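The structure appears below as structure tokens.
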Amino acid sequence: MDIRIENLTKKYGGQRAVDRISFEVRTGEIVGFLGPNGAGKTTTMRMITGFIAPTEGNIYIGGKLLEDHADEIKRHIGYLPENNPLYPDMPVIDYLEYVAGLQGIPKEEVFPRIIEMIRITGLNPEKHKKIGELSKGFRQRVGLAQAMIHDPDILIMDEPTSGLDPNQIVEIRKLIRELGRHKTVILSTHILPEVEATCDRILIINRGKIVADGTSGLLRKQASGAEILRVRIEDGEPNTIFKALQKLDSTSQVGFVDGKKDRFEIQCHPGTSAAREVFRLCVEQQWMLTEMIPFETKLEDIFRKLTTN
Amino acid sequence: MRTIWIMTKREFGSFFDSLIAYVMLILFLGISGFFTWLFGTDVFLIGQASLGAFFSIAYWTLFFFIPALTMRLLAEEIRSGTIELLLTRAVTDRQVIIGKFLSTLLLIMVALAFTVPYVITIGSIGNLDVGAVICGYLGLILMSGAYISIGMWASSITRNQIVAYLTALFIGIFFHLFFGMLASGFRGFTGRLFHSLSMREHFDSISRGVLDSGDLVYFLSLIVLGLFLSEVSLARRNLQV
């Protein structure tokens, strides 16, 4: 199922928490919402899941308008809200049975689904405990299990890996990746490596607006524009090397790195790469080229650039 | 229908999971049993086989216990955020409200069912008016419904359970006591208005064994109004944070 959002707006008082957002998510796509706290990620997710109604704009899920077909569409959405709210007094299995019932799973399929979920999320050793007795990592798994129990076409997860240890994070990411092959997944996070590791596409939201939309590679290209190389050249007079590098056709700017005499940072003209020329120069001059690193703009930098001003 | 039943079952279970149900049952049976059989104007002194003493005790014990049961119904879900999960599932706000209402009413009925031995005991001593007993229980159930409904609304406007309890008690005391007191202080239309709002009036009329449509309308409209306002209160999330 695909999701289409048109001019979505949510006002709280006079403030626009979400401001005319439009985007589409295709079936089988994993989209990451990225943004500082209070940017409107959670509000957007709450509107897509039907928890709150938008002030303006339309949400189409599987081609149907959400407000007109809420009951039907809700059956196809699995949702893991922020902070993973659960009932601490309820035993894990009872809770999953309850959720399965509410989502309209036929009686005879309820227990096979519960067993399946417990297997997938690795809840087996803890399945007879009350939810309140579980550790945070296991609670998060219960949260994932309840979101997926009715095998939804769309999974919406608000910070799915918060509070997990690094091993669990890797597992959950793997799980999300696997699920994303057949399902439409939207997840929000402010952990940048997470979106890179799991998402096909990134939407950066700031102050209720989408400020960037694309794959992480595309965002990098847009943000930097030109390739940057870091090189280390030895066996030569630093100033001669510096001047020679500046003379190359494809370099627009050369600088020393960290004040060290043998390391240079080369910024290329947009659309060209100086790598070959630098290598050839070193061969001609009998200099020793010991390092050449294409320097990628970090997602952190893009994020900071787009969300602070 | 199935959704409402699932909701009801889980809410009913959660009263037992969190031990509230046990505490409530023990206290209710303990207090009403003590005042019915052992203390004060107990059944043995009336000189007739009547459960009137029990009904007037239960009239007060339920009044205090019901807000304690309803205070967590929605306030707890709002505070912990589980309301968000609940309402994004394939359920409507109305199903949630009705499910929670029925679960609490069911618990009250269970509590009342434990007092059936009282009926049997008194019935074996003398000639019991079965119709009046049934009507008395019906009155208690209808009254409970009204207070559950009010309690649900009180629980829907706050995330603090104590506030919910006190609000429900505050609203309840008007129906339970104040309207009746005010009715005796006024004449004419105002007097009749307070008279018709008083819970005691309608409860007494039913527990005497008279099923009047006016009493039923009174209880049912309180229930519907409370549930409707709870639903409105849940829908308010669309307007603000």
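Labels for the structure tokens follow display order: chains A, B, ..., residues from 1 in each chain, ligands from 1.
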
Go through chain B residue by residue and, counting only C-alpha atoms, keep those with an atom at most 8 Å from chain A; for each kept residue give the shortest atom pair and its distance in Å to one decimal, ordered by chain and increasing number, as a Markdown table.
| residue | atom | partner | partner_atom | distance |
| --- | --- | --- | --- | --- |
| B:Thr3 | CA | A:Leu102 | CA | 5.7 |
| B:Ile6 | CA | A:Gly101 | CA | 6.6 |
| B:Met7 | CA | A:Leu102 | CA | 7.7 |
| B:Arg10 | CA | A:Tyr98 | CA | 6.9 |
| B:Ser14 | CA | A:Met90 | CA | 7.3 |
| B:Asp17 | CA | A:Asp89 | CA | 6.1 |
| B:Ser18 | CA | A:Asp89 | CA | 6.1 |
| B:Ser80 | CA | A:Pro85 | CA | 6.1 |
| B:Gly81 | CA | A:Pro85 | CA | 5.5 |
| B:Thr82 | CA | A:Pro85 | CA | 5.0 |
| B:Glu84 | CA | A:Phe51 | CA | 6.4 |
| B:Leu85 | CA | A:Pro81 | CA | 7.0 |
| B:Leu87 | CA | A:Phe51 | CA | 6.2 |
| B:Thr88 | CA | A:Phe51 | CA | 5.4 |
| B:Arg89 | CA | A:Lys74 | CA | 5.8 |
| B:Ala90 | CA | A:Lys74 | CA | 5.1 |
| B:Val91 | CA | A:Leu102 | CA | 6.9 |
| B:Thr92 | CA | A:Asp71 | CA | 7.6 |
| B:Arg237 | CA | A:Ile52 | CA | 6.6 |
| B:Asn238 | CA | A:Ile52 | CA | 5.0 |
| B:Leu239 | CA | A:Tyr12 | CA | 7.3 |
| B:Gln240 | CA | A:Tyr12 | CA | 5.7 |
| B:Val241 | CA | A:Tyr12 | CA | 6.6 |

Item to check | Shell of 12 Å around B:Val133, only C-alpha atoms, local chain residues under 3 positions omitted, as an MDAnalysis selection string | outcome: chainID B and resid 49:55 115:116 118:120 122:123 127:130 136:140 206:210

Quick one: residues within 12 Å of B:Gly214, only C-alpha atoms counted, chain neighbours fewer than 5 positions away excluded, as a CSV table (one decimal) with N, CA, C and O atoms, in the first residue's frame?
chain,number,residue,atom,x,y,z
B,196,SER,N,-36.6,16.0,40.8
B,196,SER,CA,-36.5,15.0,39.7
B,196,SER,C,-35.0,14.7,39.4
B,196,SER,O,-34.7,13.7,38.7
B,197,LEU,N,-34.1,15.6,39.8
B,197,LEU,CA,-32.7,15.3,39.6
B,197,LEU,C,-32.1,14.4,40.7
B,197,LEU,O,-31.0,13.9,40.5
B,201,GLU,N,-34.4,9.9,45.1
B,201,GLU,CA,-35.8,9.8,44.7
B,201,GLU,C,-36.1,8.7,43.8
B,201,GLU,O,-36.9,7.8,44.0
B,202,HIS,N,-35.2,8.6,42.7
B,202,HIS,CA,-35.5,7.6,41.7
B,202,HIS,C,-35.1,6.2,42.2
B,202,HIS,O,-35.7,5.2,41.9
B,203,PHE,N,-34.0,6.2,43.0
B,203,PHE,CA,-33.6,4.9,43.5
B,203,PHE,C,-34.6,4.3,44.5
B,203,PHE,O,-34.9,3.1,44.4
B,205,SER,N,-37.7,4.9,44.6
B,205,SER,CA,-38.9,4.5,43.9
B,205,SER,C,-38.8,3.2,43.2
B,205,SER,O,-39.7,2.3,43.2
B,206,ILE,N,-37.6,2.9,42.7
B,206,ILE,CA,-37.3,1.6,42.0
B,206,ILE,C,-37.2,0.5,43.1
B,206,ILE,O,-37.8,-0.6,43.0
B,219,PHE,N,-32.2,7.4,34.7
B,219,PHE,CA,-30.9,6.6,34.8
B,219,PHE,C,-30.3,6.5,33.4
B,219,PHE,O,-29.1,6.8,33.3
B,220,LEU,N,-31.1,6.1,32.4
B,220,LEU,CA,-30.5,5.9,31.1
B,220,LEU,C,-30.0,7.3,30.5
B,220,LEU,O,-28.9,7.3,29.9
B,221,SER,N,-30.7,8.4,30.8
B,221,SER,CA,-30.2,9.6,30.2
B,221,SER,C,-28.9,10.0,30.9
B,221,SER,O,-28.0,10.6,30.2

Please list as a PDB file with N, CA, C and O atoms, in the first residue's frame every residue within 8 Å of A:Ala275, counting only C-alpha atoms and excluding residues in the same chain fewer than 4 positions away.
ATOM      1  N   LEU A 229      38.888  16.064  -1.923  1.00  0.00           N
ATOM      2  CA  LEU A 229      39.878  14.999  -1.735  1.00  0.00           C
ATOM      3  C   LEU A 229      40.842  15.411  -0.646  1.00  0.00           C
ATOM      4  O   LEU A 229      41.247  16.575  -0.569  1.00  0.00           O
ATOM      5  N   PHE A 279      47.356  12.063  -9.135  1.00  0.00           N
ATOM      6  CA  PHE A 279      48.206  10.882  -9.234  1.00  0.00           C
ATOM      7  C   PHE A 279      49.285  11.070 -10.306  1.00  0.00           C
ATOM      8  O   PHE A 279      50.471  10.816 -10.081  1.00  0.00           O
ATOM      9  N   MET A 292      45.035   9.121  -0.294  1.00  0.00           N
ATOM     10  CA  MET A 292      44.088   9.918  -1.072  1.00  0.00           C
ATOM     11  C   MET A 292      42.692   9.478  -0.675  1.00  0.00           C
ATOM     12  O   MET A 292      42.272   8.359  -0.945  1.00  0.00           O
TER      13      MET A 292
END

Show me, as a PyMOL selection string, the residues that have an atom within 10 Å of B:Lys9 when counting only C-alpha atoms, minus same-chain residues fewer than 6 positions from it. (chain A and resi 98) or (chain B and resi 3+99-100+102-103+106)

Output file for the residues above (C-alpha atoms, as a JSON list (two decimals), in the first residue's frame):
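Output below, filename again19.json:
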[["chain", "number", "residue", "atom", "x", "y", "z"],
["A", 98, "TYR", "CA", -5.89, -8.52, 23.13],
["B", 3, "THR", "CA", -14.49, -5.36, 19.38],
["B", 99, "GLY", "CA", -16.21, -1.36, 26.35],
["B", 100, "LYS", "CA", -14.76, 0.32, 29.42],
["B", 102, "LEU", "CA", -19.46, -2.36, 30.38],
["B", 103, "SER", "CA", -16.39, -3.82, 32.05],
["B", 106, "LEU", "CA", -19.79, -6.09, 34.96]]

A:Ala274 environment, 10 Å, only C-alpha atoms, sequence neighbours closer than 4 positions dropped, as a count of residues only
15

(Q) So that I can see what lies close to B:Gly191, please list as a PyMOL selection string the residues with an atom at most 10 Å from it, counting only C-alpha atoms and leaving out residues fewer than 6 positions away in the same chain. (A) chain B and resi 179-185+197

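Closest approach to A:Gln15 among A:Arg263, A:Glu108, A:Glu116, A:Gly40: A:Gly40, based on only C-alpha atoms.
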
(message) Which residue is closest to A:Arg177? Choose from A:Ile154, A:Ile30, A:Leu8, A:Ile233 and count only C-alpha atoms.
(response)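 Ranked by minimum distance to A:Arg177, first place goes to A:Ile30.
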
Correct to one decimal, the distance atom CA of B:Gln95-atom CA of B:Ala75 is 16.9 Å

(message) Quick check for you: according to DSSP on this backbone, which residues of stretch 10-234 of chain A are classed as strand (DSSP E)? Reply as a VMD selection string.
(response) chain A and resid 10 to 12 15 to 25 30 to 34 56 to 61 64 to 65 77 to 80 154 to 158 184 to 189 201 to 206 209 to 214 228 to 234
